[in-house]
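Here is the structure we will look at, set down as structure tokens.
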Amino acid sequence: MFQYSYEESVQWFRVQPEHTELVKFSYLDEDNLAAAQRFSESEEFQATIELLDIENKGQVLKILDLGCGNGIASYAFASLGHEITAIDPDPSFDVGLGATNRLASEVEIGKITTQQAGAESLPFADATFDIVYARQALHHFSDLTKGLQEAARVLKTGGFFLATREHVVSNMQQRKDFLSNHVLHRLHGQENAYLVEDYLGALQISGLKISRIFGHFDTVINHYPTTNAEIKDWLYSGFSKYLGKSLASILSQISFLEIAYRRRLSGSCDFPGRLYSFLCTKPQ
């Protein structure tokens, strides 16, 4: 049914003029190093390291980049001085482990090692990693529950598991609509989406303790390429419409009002394939 590999699909995607901006937002540039450097400097990655409290740990961490793809996150974490193990089932030179290997040679501090593997059978001992990080990966697992059980197994007690930008649908019709409209899925057929309850159920079965769940507008990790500044502008515009510009300027800078506004946006967000993130720990 599907004619192309993921690598071939991305190569086609890049040369379509109408998708130029989306290629950049997806960090699928032909210049993989430029994409990785841009991701390292992004609001998304800054929010990620704040969630994981990396800057306050003051130590070299062992991080598993689960489903690393073209390695942009591996590069970003390694550039902070950490030891990254990047795994992916795709060995391709352009968008898989080949691309991550190229980035490994560009890291000035820290370290990236790569290994071809699927999430459902990780070739690592129990309690190997301080952090297991999965960006846009869970919805690609062939077995969501098994993949998360493996992630929990290789995570140290007290360690963080963070899954970001996971596609969510409300029902099977939404899933069908999402997949039929996904540009790359029509070519290579490897996309997926789940109900929030499916993710939460699999996380609970894995033994991971769910710390925080982020809806689409709760964090820039999910709502990128919409920026934090744009969210604040939306809040300001809403206040100014009813309260005037002066009071709106004050209110839109109050953090708990912004958090409440984001939650309201997330609660009303119901488009197929919207993004969620999940922060978990491994209990004693």
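Every chain in the structure tokens takes a letter, A first, then B, and so on in the order presented; its residues are numbered from 1, and the ligands are numbered from 1 following the presented order.
On the backbone of this structure, DSSP gives helix (DSSP H, G or I) within range 87-133 of chain A to A:Leu97, A:Gly98, A:Ala99, A:Thr100, A:Asn101, A:Arg102, A:Leu103, A:Ala104.
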Proximity of range 22-105 of chain A to range 158-172 of chain A: per-residue shortest pair, 10 Å limit, only C-alpha atoms, as a Markdown table:
| residue | atom | partner | partner_atom | distance |
| --- | --- | --- | --- | --- |
| A:Glu44 | CA | A:Thr164 | CA | 9.9 |
| A:Thr48 | CA | A:Leu162 | CA | 8.6 |
| A:Leu51 | CA | A:Leu162 | CA | 8.8 |
| A:Leu52 | CA | A:Phe160 | CA | 6.9 |
| A:Asp53 | CA | A:Phe160 | CA | 9.7 |
| A:Ile63 | CA | A:Phe160 | CA | 9.7 |
| A:Leu64 | CA | A:Phe161 | CA | 9.6 |
| A:Leu66 | CA | A:Ala163 | CA | 9.2 |
| query | Could you pull the residues within 8 Å of Arg212 in chain A, counting only C-alpha atoms, minus those fewer than 4 positions along the same chain, as an MDAnalysis selection string? | reply | chainID A and resid 278:280
| message | Give me, as a PyMOL selection string, all polymer residues having an atom no more than 8 Å from Thr114 in chain A, counting only C-alpha atoms and skipping those fewer than 3 positions away in the same chain. | response | chain A and resi 85-87+97+100-101
Within 6 Å of range 69-71 of chain A using only C-alpha atoms, minus same-chain residues under 2 positions, as an mmCIF file with N, CA and C atoms, in the first residue's frame:
data_model
loop_
_atom_site.group_PDB
_atom_site.id
_atom_site.type_symbol
_atom_site.label_atom_id
_atom_site.label_comp_id
_atom_site.auth_asym_id
_atom_site.auth_seq_id
_atom_site.Cartn_x
_atom_site.Cartn_y
_atom_site.Cartn_z
ATOM 1 N N GLY A 67 14.101 6.491 20.267
ATOM 2 C CA GLY A 67 13.520 6.882 18.984
ATOM 3 C C GLY A 67 14.119 8.192 18.531
ATOM 4 N N ALA A 73 17.807 15.956 19.222
ATOM 5 C CA ALA A 73 17.757 16.026 20.683
ATOM 6 C C ALA A 73 19.016 15.440 21.301
ATOM 7 N N SER A 74 19.533 14.367 20.721
ATOM 8 C CA SER A 74 20.789 13.797 21.214
ATOM 9 C C SER A 74 21.894 14.844 21.181
ATOM 10 N N VAL A 95 17.838 10.508 7.833
ATOM 11 C CA VAL A 95 16.887 10.834 8.903
ATOM 12 C C VAL A 95 16.917 9.834 10.059
ATOM 13 N N GLY A 96 17.853 8.883 10.035
ATOM 14 C CA GLY A 96 17.937 7.872 11.077
ATOM 15 C C GLY A 96 19.281 7.902 11.779
ATOM 16 N N ALA A 99 22.277 9.859 10.382
ATOM 17 C CA ALA A 99 22.275 11.296 10.660
ATOM 18 C C ALA A 99 22.742 11.564 12.085
ATOM 19 N N THR A 100 22.313 10.754 13.039
ATOM 20 C CA THR A 100 22.732 10.931 14.433
ATOM 21 C C THR A 100 24.224 10.692 14.579
#
| task | Return as a PyMOL selection string the full set of residues in range 32-215 of chain A whose backbone-based DSSP assignment is strand (DSSP E or B). | result | chain A and resi 62-66+83-88+111-116+129-135+155-168+194+209-214
| task | Do a neighbour search on Gly81 in chain A at 7 Å with only C-alpha atoms, toss out local chain neighbours closer than 2 positions, and write the hits as a PyMOL selection string. | result | chain A and resi 60+78-79+83+109-110
For the residues in the current selection, export N, CA and C atoms as a PDB file, in the first residue's frame.
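Result file is result01.pdb:
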ATOM      1  N   VAL A  60      27.192  14.857  35.165  1.00  0.00           N
ATOM      2  CA  VAL A  60      27.025  14.252  33.853  1.00  0.00           C
ATOM      3  C   VAL A  60      25.973  13.158  33.965  1.00  0.00           C
ATOM      4  N   ALA A  78      23.744  16.328  24.470  1.00  0.00           N
ATOM      5  CA  ALA A  78      25.190  16.119  24.538  1.00  0.00           C
ATOM      6  C   ALA A  78      25.936  17.439  24.621  1.00  0.00           C
ATOM      7  N   SER A  79      25.426  18.456  23.968  1.00  0.00           N
ATOM      8  CA  SER A  79      26.080  19.768  23.973  1.00  0.00           C
ATOM      9  C   SER A  79      26.047  20.426  25.350  1.00  0.00           C
ATOM     10  N   GLU A  83      26.082  12.275  28.607  1.00  0.00           N
ATOM     11  CA  GLU A  83      26.361  11.069  27.832  1.00  0.00           C
ATOM     12  C   GLU A  83      25.050  10.523  27.286  1.00  0.00           C
ATOM     13  N   ILE A 109      31.518  18.836  23.586  1.00  0.00           N
ATOM     14  CA  ILE A 109      31.518  18.274  24.932  1.00  0.00           C
ATOM     15  C   ILE A 109      30.400  17.239  24.983  1.00  0.00           C
ATOM     16  N   GLY A 110      30.424  16.404  26.022  1.00  0.00           N
ATOM     17  CA  GLY A 110      29.423  15.350  26.047  1.00  0.00           C
ATOM     18  C   GLY A 110      29.766  14.257  25.051  1.00  0.00           C
TER      19      GLY A 110
END
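Proximity of A:Ala104, A:Leu148, A:Val10, A:Leu208 to Val23 in chain A, computed with only C-alpha atoms, is greatest for A:Val10.
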| task | Would you kindly return, as a ChimeraX atom specification, each protein, DNA or RNA residue with an atom no farther than 6 Å from any atom of Ser266 in chain A, considering only C-alpha atoms and excluding same-chain residues fewer than 4 positions away? | result | /A:215-217
Mind writing the picked residues with N, CA and C atoms as a tab-separated table (two decimals), in the first residue's frame?
chain	number	residue	atom	x	y	z
A	215	GLY	N	-1.36	19.32	28.19
A	215	GLY	CA	-2.17	19.42	27.00
A	215	GLY	C	-1.51	20.30	25.95
A	216	HIS	N	-2.19	20.45	24.83
A	216	HIS	CA	-1.57	21.07	23.67
A	216	HIS	C	-1.03	22.47	23.94
A	217	PHE	N	-1.76	23.28	24.69
A	217	PHE	CA	-1.33	24.67	24.91
A	217	PHE	C	-0.70	24.89	26.28
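Proximity ranking of A:Gly147, A:Gly98, A:Pro272, A:Pro91 relative to Ile205 in chain A places A:Gly147 first, based on only C-alpha atoms.
Minimum distance to Leu200 in chain A across A:Ser237, A:Tyr276, A:Val154, A:Arg264 (counting only C-alpha atoms) occurs at A:Tyr276.
Candidate residues A:Leu275, A:Glu50, A:Asn56, A:Trp12 were compared for distance to His223 in chain A, and the nearest is A:Leu275, using only C-alpha atoms.
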| note | Glu150 in chain A proximity check over A:Ile254, A:Ala127, A:Ile54, A:Ile221, using only C-alpha atoms: winner is A:Ala127
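If only C-alpha atoms are the atoms counted, then among A:Thr219, A:Ser5, A:Ser121, A:Asn181 the closest residue to Asp90 in chain A is A:Ser5.
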